[in-house]
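Reproduced below: query-v9.cif, with mmCIF, C-alpha atoms.
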```cif
data_data
loop_
_atom_site.label_atom_id
_atom_site.label_comp_id
_atom_site.auth_asym_id
_atom_site.auth_seq_id
_atom_site.Cartn_x
_atom_site.Cartn_y
_atom_site.Cartn_z
CA MET O 147 0.00 0.00 0.00
CA LYS O 148 1.32 3.47 -0.87
CA LEU O 149 0.48 6.76 0.81
CA VAL O 150 1.27 10.29 -0.30
CA PHE O 151 1.55 13.35 1.98
CA ASN O 152 0.94 16.71 0.30
CA GLY O 153 1.97 18.85 3.26
CA LYS O 154 -1.57 18.96 4.69
CA GLU O 155 -3.24 15.61 4.09
CA THR O 156 -2.35 11.99 3.47
CA TYR O 157 -3.98 10.14 0.60
CA ALA O 158 -3.72 7.12 -1.67
CA GLU O 159 -4.30 7.34 -5.40
CA ASP O 160 -3.08 4.12 -7.04
CA ALA O 161 -5.87 1.65 -7.79
CA GLU O 162 -4.55 -1.15 -5.57
CA SER O 163 -4.17 1.06 -2.49
CA VAL O 164 -7.54 2.76 -3.05
CA SER O 165 -9.29 -0.61 -3.35
CA SER O 166 -7.60 -1.97 -0.23
CA LEU O 167 -8.43 1.11 1.86
CA VAL O 168 -12.06 1.20 0.77
CA LYS O 169 -12.51 -2.49 1.57
CA GLY O 170 -10.93 -1.92 4.99
CA PHE O 171 -13.18 1.09 5.75
CA PHE O 172 -10.34 3.59 5.86
CA GLY O 173 -10.57 7.22 4.78
CA LYS O 174 -12.92 9.16 2.53
CA VAL O 175 -13.10 8.83 -1.23
CA LYS O 176 -12.85 12.06 -3.20
CA ASN O 177 -12.06 12.42 -6.93
CA GLY O 178 -10.75 8.87 -7.13
CA LYS O 179 -8.41 9.28 -4.14
CA VAL O 180 -8.79 8.07 -0.54
CA PHE O 181 -7.97 10.80 1.99
CA LEU O 182 -6.98 9.60 5.44
CA SER O 183 -7.25 11.11 8.91
CA PRO O 184 -3.99 11.59 10.88
CA GLU O 185 -4.65 8.56 13.09
CA GLU O 186 -5.51 6.38 10.10
CA SER O 187 -2.27 7.41 8.36
CA LEU O 188 -0.15 6.77 11.46
CA TYR O 189 -1.84 3.43 12.06
CA LEU O 190 -1.18 2.20 8.52
CA ILE O 191 2.51 3.19 8.74
CA ASP O 192 2.94 1.69 12.22
CA ASN O 193 0.88 -1.49 11.95
CA ARG O 194 0.42 -2.30 8.29
CA SER O 195 3.97 -1.63 7.06
CA THR O 196 2.62 1.01 4.69
CA GLY O 197 5.06 3.35 3.00
CA CYS O 198 4.49 7.10 2.86
CA LYS O 199 6.20 9.63 0.60
CA ASP O 200 5.79 13.30 -0.14
CA GLU O 201 4.74 14.43 -3.61
CA LYS O 202 8.39 14.53 -4.70
CA GLY O 203 8.91 10.90 -3.73
CA LYS O 204 10.84 11.45 -0.49
CA HIS O 205 10.18 8.85 2.23
CA ILE O 206 8.30 10.15 5.28
CA PRO O 207 8.76 8.10 8.49
CA PHE O 208 6.23 7.87 11.33
CA ASN O 209 7.70 10.63 13.51
CA SER O 210 7.97 13.10 10.65
CA LEU O 211 4.34 12.59 9.68
CA ALA O 212 3.21 12.70 13.32
CA SER O 213 5.10 15.97 13.77
CA HIS O 214 3.18 17.52 10.86
CA PHE O 215 -0.06 16.66 12.70
CA SER O 216 1.19 17.57 16.18
CA LYS O 217 -1.17 20.54 16.50
CA SER O 218 -4.21 18.27 16.10
CA PRO O 219 -5.99 18.05 19.47
CA LYS O 220 -5.23 14.87 21.45
CA LEU O 221 -3.28 13.39 18.51
CA LEU O 222 -1.61 10.52 20.35
CA ALA O 223 -4.62 9.74 22.52
CA ARG O 224 -6.73 9.48 19.39
CA TYR O 225 -4.10 7.45 17.57
CA LEU O 226 -3.57 4.96 20.42
CA VAL O 227 -7.30 4.42 20.88
CA PHE O 228 -7.88 4.10 17.13
CA LYS O 229 -5.01 1.62 16.88
CA ASP O 230 -6.26 -0.50 19.78
CA TRP O 231 -9.83 -0.68 18.46
CA ARG O 232 -8.62 -1.55 14.97
CA GLU O 233 -6.23 -4.21 16.27
CA ARG O 234 -9.24 -5.95 17.81
CA GLY O 235 -10.67 -6.36 14.31
CA LEU O 236 -13.23 -3.58 14.84
CA ILE O 237 -14.02 -0.43 12.86
CA ALA O 238 -13.60 3.13 14.17
CA ARG O 239 -14.65 6.19 12.18
CA ASP O 240 -14.51 9.90 12.89
CA ALA O 241 -17.50 10.83 15.06
CA LYS O 242 -18.23 13.85 12.83
CA GLU O 243 -19.30 11.45 10.07
CA ILE O 244 -22.22 10.18 12.14
CA LEU O 245 -25.29 12.23 11.32
CA GLY O 246 -28.20 9.83 11.80
CA LYS O 247 -30.35 8.98 14.80
CA PHE O 248 -30.00 5.47 16.18
CA SER O 249 -31.63 3.52 19.02
CA ARG O 250 -28.80 1.96 20.98
CA GLY O 251 -28.99 3.95 24.20
CA ALA O 252 -32.01 2.65 26.11
CA GLY O 253 -30.37 2.97 29.53
CA VAL O 254 -30.97 1.22 32.84
CA ASP O 255 -34.28 1.58 34.69
CA TYR O 256 -34.17 2.28 38.43
CA PRO O 257 -37.13 2.08 40.82
CA SER O 258 -38.69 5.00 42.64
CA ALA O 259 -40.75 5.27 45.82
CA ALA O 260 -41.98 7.88 48.25
CA PRO O 261 -39.34 8.77 50.87
CA GLU O 262 -39.75 7.10 54.26
CA LEU O 263 -39.84 9.94 56.77
CA PRO O 264 -40.50 9.09 60.43
CA PRO O 265 -43.25 11.21 62.03
CA ALA O 266 -40.86 12.86 64.44
CA SER O 267 -39.82 16.28 65.66
CA VAL O 268 -36.21 16.23 66.74
CA GLN O 269 -33.82 18.77 68.21
CA GLY O 270 -30.09 18.50 67.66
CA VAL O 271 -26.83 20.42 67.87
CA PHE O 272 -24.76 21.11 64.76
CA PHE O 273 -20.96 21.25 65.09
CA PRO O 274 -19.66 23.40 62.20
CA GLN O 275 -16.01 22.30 62.28
CA ASP O 276 -16.98 18.63 62.23
CA MET O 277 -20.03 19.15 60.00
CA LEU O 278 -22.00 16.72 62.15
CA THR O 279 -25.20 16.99 64.16
CA THR O 280 -25.80 15.08 67.39
CA ILE O 281 -29.19 14.10 68.83
CA ASP O 282 -29.39 12.88 72.41
CA SER O 283 -33.10 12.04 72.62
CA SER O 284 -34.92 8.78 71.84
CA GLU O 285 -36.34 10.43 68.70
CA GLY O 286 -32.87 10.10 67.15
CA LYS O 287 -33.10 6.32 67.36
CA LYS O 288 -36.46 6.47 65.55
CA LEU O 289 -34.86 8.52 62.74
CA TYR O 290 -32.16 5.87 62.40
CA GLU O 291 -34.34 2.77 62.56
CA GLU O 292 -37.33 4.01 60.53
CA GLY O 293 -35.63 6.23 57.94
CA TRP O 294 -31.98 5.19 58.18
CA PHE O 295 -30.86 8.73 58.89
CA GLY O 296 -27.51 9.07 60.65
CA GLN O 297 -25.85 6.51 62.89
CA PHE O 298 -27.34 5.56 66.24
CA GLY O 299 -24.88 4.30 68.84
CA THR O 300 -21.74 2.88 67.27
CA TYR O 301 -21.16 2.04 63.61
CA LYS O 302 -22.07 -1.64 63.09
CA ALA O 303 -22.86 -1.83 66.81
CA ALA O 304 -25.95 0.34 67.29
CA HIS O 305 -26.56 -1.14 70.76
CA LYS O 306 -23.38 0.55 72.01
CA GLY O 307 -24.25 4.16 72.80
CA THR O 308 -27.32 6.36 72.86
CA ILE O 309 -26.41 9.30 70.61
CA THR O 310 -27.49 9.69 66.98
CA LYS O 311 -25.06 11.39 64.61
CA LEU O 312 -26.19 13.02 61.34
CA ASP O 313 -23.87 14.14 58.55
CA ALA O 314 -24.28 17.54 56.89
CA PHE O 315 -26.43 16.20 54.03
CA GLU O 316 -28.82 14.43 56.41
CA THR O 317 -28.91 17.51 58.63
CA LEU O 318 -29.92 19.81 55.78
CA TYR O 319 -32.46 17.37 54.36
CA LEU O 320 -34.23 16.90 57.71
CA LEU O 321 -34.14 20.65 58.38
CA LYS O 322 -35.78 21.26 55.03
CA LYS O 323 -38.45 18.65 55.81
CA GLY O 324 -39.21 20.31 59.14
CA ILE O 325 -38.32 17.17 61.10
CA LEU O 326 -35.08 18.51 62.63
CA LYS O 327 -34.58 21.75 64.52
CA ILE O 328 -31.18 23.29 65.31
CA PRO O 329 -31.19 26.02 67.98
CA ASN O 330 -29.56 29.28 66.88
CA SER O 331 -29.15 28.07 63.30
CA ASN O 332 -31.14 27.15 60.22
CA PHE O 333 -30.92 25.56 56.77
CA LYS O 334 -29.52 28.66 55.06
CA LYS O 335 -26.73 29.23 57.58
CA ILE O 336 -25.60 25.60 57.62
CA LEU O 337 -25.67 25.34 53.82
CA SER O 338 -23.59 28.51 53.55
CA HIS O 339 -21.04 27.11 56.00
CA CYS O 340 -20.82 23.76 54.20
CA LYS O 341 -20.32 25.44 50.82
CA LYS O 342 -17.26 27.20 52.25
CA GLN O 343 -15.87 23.92 53.56
CA ILE O 344 -16.41 21.61 50.56
CA HIS O 345 -16.06 22.31 46.84
CA PHE O 346 -19.34 21.76 44.96
CA PHE O 347 -21.17 21.00 48.20
CA GLU O 348 -24.43 22.50 46.94
CA GLU O 349 -24.43 20.21 43.88
CA MET O 350 -23.65 17.25 46.13
CA TYR O 351 -26.55 18.13 48.41
CA GLU O 352 -28.93 18.50 45.46
CA VAL O 353 -27.98 15.01 44.27
CA TYR O 354 -28.40 13.63 47.79
CA GLU O 355 -31.85 15.20 48.06
CA ASP O 356 -32.84 13.98 44.59
CA TRP O 357 -32.16 10.33 45.49
CA ARG O 358 -33.70 10.61 48.97
CA GLU O 359 -36.86 12.01 47.41
CA LYS O 360 -37.08 8.87 45.24
CA GLY O 361 -37.01 6.63 48.32
CA PHE O 362 -33.32 5.68 48.25
CA VAL O 363 -31.08 5.68 51.32
CA ILE O 364 -27.87 7.62 50.75
CA LYS O 365 -24.86 7.21 53.03
CA THR O 366 -21.22 8.26 52.82
CA GLY O 367 -19.07 6.53 50.20
CA PHE O 368 -15.78 7.54 51.84
CA LYS O 369 -14.48 3.97 52.28
CA PHE O 370 -15.01 3.28 48.59
CA GLY O 371 -13.51 6.44 47.11
CA SER O 372 -16.78 8.11 46.12
CA HIS O 373 -19.20 10.66 47.57
CA PHE O 374 -22.08 8.34 48.45
CA ARG O 375 -23.18 4.74 48.62
CA VAL O 376 -26.74 3.93 47.60
CA TYR O 377 -29.37 1.58 49.08
CA PHE O 378 -32.53 0.92 47.10
CA PRO O 379 -36.01 1.85 48.41
CA GLY O 380 -37.04 -0.25 51.37
CA ALA O 381 -33.58 -0.49 52.90
CA SER O 382 -33.33 -0.32 56.67
CA PRO O 383 -30.58 -0.97 59.26
CA THR O 384 -33.01 -3.25 61.11
CA LYS O 385 -33.76 -5.62 58.21
CA GLY O 386 -30.75 -7.89 58.59
CA ALA O 387 -27.77 -9.01 56.55
CA GLU O 388 -29.36 -8.67 53.11
CA TRP O 389 -29.40 -4.87 53.55
CA ALA O 390 -26.04 -4.55 55.28
CA HIS O 391 -24.05 -3.89 52.11
CA SER O 392 -24.87 -1.37 49.41
CA ARG O 393 -24.46 -2.41 45.78
CA HIS O 394 -24.09 1.03 44.23
CA MET O 395 -21.64 3.91 44.59
CA LEU O 396 -22.59 7.46 43.59
CA HIS O 397 -20.07 10.13 42.64
CA VAL O 398 -20.97 13.72 41.81
CA PHE O 399 -19.29 15.28 38.76
CA PRO O 400 -20.64 18.83 38.26
CA ARG O 401 -20.40 20.37 34.80
CA ARG O 402 -18.10 23.12 36.09
CA SER O 403 -15.60 20.72 37.69
CA LYS O 404 -12.55 18.83 36.39
CA LEU O 405 -11.25 15.41 37.37
CA LEU O 406 -7.89 13.76 36.72
CA ILE O 407 -8.56 10.69 34.59
CA SER O 408 -6.35 8.40 36.69
CA GLU O 409 -8.29 9.35 39.87
CA TRP O 410 -11.59 8.86 38.07
CA ALA O 411 -10.51 5.41 36.87
CA ARG O 412 -9.30 4.41 40.34
CA ALA O 413 -12.69 5.21 41.87
CA ILE O 414 -14.46 3.11 39.24
CA ARG O 415 -12.06 0.18 39.65
CA LEU O 416 -12.43 0.30 43.44
CA ALA O 417 -16.21 0.16 43.15
CA HIS O 418 -16.01 -2.78 40.75
CA SER O 419 -13.46 -4.59 42.95
CA VAL O 420 -15.97 -4.64 45.82
CA LYS O 421 -18.77 -5.68 43.44
CA LYS O 422 -20.56 -2.35 43.42
CA THR O 423 -22.04 -0.46 40.48
CA PHE O 424 -20.45 2.95 39.96
CA ILE O 425 -22.97 5.73 39.23
CA LEU O 426 -21.88 9.17 38.07
CA ALA O 427 -24.15 12.14 38.79
CA VAL O 428 -23.89 15.09 36.39
CA PRO O 429 -25.77 18.03 37.94
CA GLY O 430 -25.87 21.50 36.46
CA LYS O 431 -27.56 23.38 33.67
CA LYS O 432 -27.51 21.69 30.26
CA SER O 433 -26.11 23.66 27.37
CA ARG O 434 -25.61 22.86 23.74
CA GLY O 435 -21.95 22.95 22.81
CA LEU O 436 -19.52 21.76 20.20
CA ARG O 437 -19.36 18.11 19.26
CA THR O 438 -16.66 16.61 21.46
CA CYS O 439 -16.68 12.86 20.73
CA ASP O 440 -13.68 11.51 18.82
CA PHE O 441 -14.88 8.30 17.19
CA ALA O 442 -17.89 6.26 16.21
CA PHE O 443 -17.17 2.67 17.26
CA TYR O 444 -18.60 -0.25 15.33
CA HIS O 445 -18.79 -3.37 17.49
CA ARG O 446 -19.86 -6.98 17.07
CA LYS O 447 -23.26 -8.33 16.19
CA GLY O 448 -23.23 -12.02 16.97
CA ALA O 449 -20.15 -13.54 15.33
CA GLU O 450 -19.85 -10.70 12.80
CA CYS O 451 -18.17 -7.30 13.13
CA GLU O 452 -20.38 -4.40 12.16
CA ASN O 453 -19.20 -1.87 9.59
CA PRO O 454 -20.37 1.40 8.01
CA ARG O 455 -21.58 -0.32 4.84
CA THR O 456 -24.01 -2.85 6.32
CA GLY O 457 -24.43 -1.88 9.98
CA GLU O 458 -24.70 0.94 12.46
CA PRO O 459 -22.28 2.29 15.06
CA SER O 460 -22.71 0.97 18.59
CA PHE O 461 -20.99 3.78 20.50
CA LEU O 462 -19.51 7.23 20.34
CA ALA O 463 -16.12 7.44 22.04
CA LEU O 464 -13.93 9.94 23.85
CA ALA O 465 -10.18 9.24 23.57
CA LEU O 466 -8.18 10.28 26.65
CA THR O 467 -4.87 9.62 28.42
CA GLU O 468 -4.49 8.79 32.11
CA ASP O 469 -2.67 12.05 32.94
CA GLU O 470 -5.16 14.54 31.54
CA TYR O 471 -8.14 16.17 33.16
CA LEU O 472 -11.68 15.53 31.98
CA GLY O 473 -13.88 18.58 32.41
CA GLY O 474 -17.49 18.28 33.46
CA VAL O 475 -18.54 20.44 30.50
CA GLU O 476 -16.67 18.23 28.00
CA PHE O 477 -18.12 15.08 29.56
CA ALA O 478 -21.65 16.51 29.63
CA GLN O 479 -21.40 17.65 26.00
CA ALA O 480 -20.25 14.18 24.94
CA LEU O 481 -23.22 12.66 26.76
CA GLU O 482 -25.62 15.12 25.16
CA GLU O 483 -24.11 14.36 21.75
CA CYS O 484 -24.69 10.65 22.39
CA ALA O 485 -28.30 11.33 23.41
CA GLU O 486 -28.88 13.24 20.16
CA ARG O 487 -27.49 10.32 18.16
CA GLY O 488 -29.21 7.59 20.18
CA LEU O 489 -25.87 5.96 21.04
CA GLU O 490 -24.05 5.12 24.27
CA LEU O 491 -20.75 6.72 25.23
CA VAL O 492 -17.48 4.84 25.62
CA ILE O 493 -14.55 6.50 27.37
CA ALA O 494 -11.29 5.05 26.06
CA ILE O 495 -8.23 5.73 28.25
CA ALA O 496 -4.67 5.14 27.06
CA ASP O 497 -2.32 4.69 30.02
CA ARG O 498 1.42 5.44 30.19
CA GLU O 499 2.24 2.04 28.70
CA THR O 500 -0.19 2.85 25.86
CA SER O 501 -2.60 0.09 26.92
CA VAL O 502 -6.22 1.16 26.40
CA THR O 503 -9.05 0.59 28.88
CA TYR O 504 -12.68 1.08 27.89
CA TYR O 505 -15.59 2.21 30.06
CA LEU O 506 -19.19 2.06 28.87
CA ILE O 507 -21.48 4.85 30.08
CA LYS O 508 -25.13 3.77 30.40
CA LYS O 509 -27.85 6.26 31.28
CA VAL O 510 -29.76 5.65 34.51
CA ASN O 511 -33.50 6.21 34.11
CA LEU O 512 -34.49 7.56 37.53
CA PRO O 513 -38.18 8.49 37.43
CA GLY O 514 -38.89 12.16 38.05
CA SER O 515 -35.25 13.21 38.38
CA LYS O 516 -34.07 16.59 37.13
CA PHE O 517 -30.45 15.48 36.87
CA ASP O 518 -28.52 13.06 34.68
CA TYR O 519 -27.09 9.84 36.11
CA PHE O 520 -24.98 7.19 34.44
CA GLU O 521 -23.73 3.72 35.31
CA ILE O 522 -20.10 3.24 34.37
CA GLN O 523 -19.15 -0.30 33.41
CA TRP O 524 -15.87 -1.79 32.29
CA LEU O 525 -16.10 -2.81 28.63
CA ASN O 526 -14.14 -5.67 27.10
CA PRO O 527 -14.38 -5.13 23.33
#
```

Now, as a test, write the supplied structure out as structure tokens.
Amino acid sequence: MKLVFNGKETYAEDAESVSSLVKGFFGKVKNGKVFLSPEESLYLIDNRSTGCKDEKGKHIPFNSLASHFSKSPKLLARYLVFKDWRERGLIARDAKEILGKFSRGAGVDYPSAAPELPPASVQGVFFPQDMLTTIDSSEGKKLYEEGWFGQFGTYKAAHKGTITKLDAFETLYLLKKGILKIPNSNFKKILSHCKKQIHFFEEMYEVYEDWREKGFVIKTGFKFGSHFRVYFPGASPTKGAEWAHSRHMLHVFPRRSKLLISEWARAIRLAHSVKKTFILAVPGKKSRGLRTCDFAFYHRKGAECENPRTGEPSFLALALTEDEYLGGVEFAQALEECAERGLELVIAIADRETSVTYYLIKKVNLPGSKFDYFEIQWLNP
């Protein structure tokens, strides 16, 4: 196969190369030539022993061609992900080529129920530096046993002790519901204090409230590297061993935040290692932005690999490296782009050894919610 670089683009023009590229679903045909993207060109040189010359016949090695394209955003991330997907015998095309509407993003349905709120009126004391509220009356035990708010007694040993402790999210929620009263303070003052202490606290509280209002029990996810752990409606600390362990972790990723990819991946892997589903919450105002996805991935259908000629794409993909930051806006725009196309999002991460890990993002259908939630699953292509 022979490639030619004209100083801006790489293309093939001899009949044999054009035929081979078209059959392999590479490039775009224009005026009898096949024009290739930077990652396609680099892949063919690196993995298919393809020669490349300039229009005067001078040989162009991999690094020289890559240097010409070095100003292309995320060049090596895109190349490494493209290469990995192709080496698995699968087809990847530029996401900008995908213009249709598909139906491959049905999502995962979650239940919903009315919140279980004990008929109580409780007085407590809020400690600002610790961001905890203590209740020393018997009503605190009722909050714990009937609504699973706070921790009565000792963690995993409720019979040891008589004090109920509420975290800041539980404190604010019960204040808002009129169940809890804090002398010399109120919802507004405590929320203002918490916002000064914790980045994006207000978004975290809104997510907490959203799930509580759907009947879920939300507790800290500190031990598992996320903001919250989630128990489905009906959960109670008095129901025995089947309710003792949550099966879902919930992490809040506001649109105006940024997260280092390696930290993000660690949280997901930790959740999966303890057999929990990792859910990402994306609060904040939606806005239409630029298309941000890198590739359209064609996957397998039964024993066959799908392709642009006879099939449809399965996913849109973001190509990233482990040492870059993913912004909430970029992530949200990619998700919104996927929703418009009716496809699910795959995040493809190339690590420092250039190995690529894939995560499938599936929308969570939470009835009546005003926010977007997504399950993140490891994907083995």

Next on the checklist: Running the PyMOL selection byres ((chain O and resi 218-235) around 9) on this model by hand, what would come out? Give it as a PyMOL selection string.
Outcome noted: chain O and resi 184-186+188-189+193+212+215-217+236-239+440-441+443+451+464-467+494-496+500-502+527

Quick check on the file I pasted: which residues fall under the PyMOL selection byres ((chain O and resi 150) around 9)? Write them as an mmCIF file with C-alpha atoms, in the coordinates of the input.
```
data_model
loop_
_atom_site.group_PDB
_atom_site.id
_atom_site.type_symbol
_atom_site.label_atom_id
_atom_site.label_comp_id
_atom_site.auth_asym_id
_atom_site.auth_seq_id
_atom_site.Cartn_x
_atom_site.Cartn_y
_atom_site.Cartn_z
ATOM 1 C CA LYS O 148 1.320 3.470 -0.870
ATOM 2 C CA LEU O 149 0.480 6.760 0.810
ATOM 3 C CA PHE O 151 1.550 13.350 1.980
ATOM 4 C CA ASN O 152 0.940 16.710 0.300
ATOM 5 C CA GLU O 155 -3.240 15.610 4.090
ATOM 6 C CA THR O 156 -2.350 11.990 3.470
ATOM 7 C CA TYR O 157 -3.980 10.140 0.600
ATOM 8 C CA ALA O 158 -3.720 7.120 -1.670
ATOM 9 C CA GLU O 159 -4.300 7.340 -5.400
ATOM 10 C CA GLY O 197 5.060 3.350 3.000
ATOM 11 C CA CYS O 198 4.490 7.100 2.860
ATOM 12 C CA LYS O 199 6.200 9.630 0.600
ATOM 13 C CA ASP O 200 5.790 13.300 -0.140
ATOM 14 C CA GLU O 201 4.740 14.430 -3.610
ATOM 15 C CA GLY O 203 8.910 10.900 -3.730
ATOM 16 C CA ILE O 206 8.300 10.150 5.280
#
```

I'd like to see the residues matched by the PyMOL selection byres ((chain O and resi 426) around 7) on this file, and ideally I'd get them as a PDB file with C-alpha atoms, in the coordinates of the input.
```
ATOM      1  CA  LEU O 396     -22.590   7.460  43.590  1.00  0.00           C
ATOM      2  CA  HIS O 397     -20.070  10.130  42.640  1.00  0.00           C
ATOM      3  CA  VAL O 398     -20.970  13.720  41.810  1.00  0.00           C
ATOM      4  CA  PHE O 399     -19.290  15.280  38.760  1.00  0.00           C
ATOM      5  CA  PHE O 424     -20.450   2.950  39.960  1.00  0.00           C
ATOM      6  CA  ILE O 425     -22.970   5.730  39.230  1.00  0.00           C
ATOM      7  CA  ALA O 427     -24.150  12.140  38.790  1.00  0.00           C
ATOM      8  CA  VAL O 428     -23.890  15.090  36.390  1.00  0.00           C
ATOM      9  CA  TYR O 519     -27.090   9.840  36.110  1.00  0.00           C
ATOM     10  CA  PHE O 520     -24.980   7.190  34.440  1.00  0.00           C
ATOM     11  CA  GLU O 521     -23.730   3.720  35.310  1.00  0.00           C
TER      12      GLU O 521
END
```

Item to check | Residue neighbourhood Lys334 (chain O), 9 Å, only C-alpha atoms, exclusion window fewer than 4 positions, as a PyMOL selection string | outcome: chain O and resi 318+338-339

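If you look at CA of Asn332 (chain O) and CA of Tyr319 (chain O), they are 11.5 Å away from each other.
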
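Minimum atom-to-atom distance to Pro459 (chain O), evaluated using only C-alpha atoms, belongs to O:Tyr444 out of O:Tyr290, O:Tyr444, O:Phe315, O:Phe273.
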
Determine, for each residue of region 244-272 of chain O having at least one atom at most 7 Å from an atom of region 504-515 of chain O, the closest pair of atoms and their separation in Å to one decimal, counting all atoms listed in the file; order by chain and ascending number, as JSON lines.
```
{"residue": "O:Gly253", "atom": "CA", "partner": "O:Lys509", "partner_atom": "CA", "distance": 4.5}
{"residue": "O:Val254", "atom": "CA", "partner": "O:Val510", "partner_atom": "CA", "distance": 4.9}
{"residue": "O:Asp255", "atom": "CA", "partner": "O:Asn511", "partner_atom": "CA", "distance": 4.7}
{"residue": "O:Tyr256", "atom": "CA", "partner": "O:Leu512", "partner_atom": "CA", "distance": 5.4}
{"residue": "O:Pro257", "atom": "CA", "partner": "O:Leu512", "partner_atom": "CA", "distance": 6.9}
{"residue": "O:Ser258", "atom": "CA", "partner": "O:Pro513", "partner_atom": "CA", "distance": 6.3}
```

Checklist entry - Any idea what the distance is between CA of Leu167 (chain O) and CA of Gly246 (chain O)? => result 23.8 Å

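Going from CA of Gln523 (chain O) to CA of Glu458 (chain O) covers 21.7 Å.
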
Next on the checklist: Which residues are near Gly457 (chain O)? Cut-off 10 Å, only C-alpha atoms, ignore same chain within fewer than 2 positions. Put them as number ranges by chain.
Outcome noted: O: 444-447, 451-455, 459-460

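Distance check against Ile407 (chain O) using all atoms listed in the file: of O:Leu320, O:Ile493, O:Leu472, O:Ala260, the minimum falls on O:Leu472.
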
Next on the checklist: For Tyr301 (chain O), find every residue with an atom within 12 Å (counting all atoms listed in the file), except residues of its own chain fewer than 6 positions away, and show them as number ranges by chain.
Outcome noted: O: 290, 307-311, 383, 390

Next on the checklist: Which residues are near Thr196 (chain O)? Cut-off 7 Å, only C-alpha atoms, ignore same chain within fewer than 3 positions. Put them as an MDAnalysis selection string.
Outcome noted: chainID O and resid 147:148 190:191

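Considering the residues O:Gly371, O:Pro379, O:Pro429, O:Gly153 and counting only C-alpha atoms, Ala411 (chain O) has its shortest atom-to-atom contact with O:Gly371.
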
Next on the checklist: Quick one: residues within 8 Å of Pro261 (chain O), only C-alpha atoms, excluding same-chain residues fewer than 2 positions away - as number ranges by chain?
Outcome noted: O: 259, 263, 358-362

Checklist entry - Using only C-alpha atoms, which residue out of O:Gly448, O:Gly251, O:Gly430, O:Gly488 lies closest to Val475 (chain O)? => result O:Gly430

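Residue nearest Glu499 (chain O) within the list O:Glu468, O:Lys516, O:Gln343, O:Gly473: O:Glu468 [criterion: smallest interatomic distance, all atoms listed in the file].
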
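Of the listed residues O:Glu483, O:Glu349, O:Glu285, O:Asp160, the one whose atoms come nearest to His373 (chain O) is O:Glu349, with distances taken using only C-alpha atoms.
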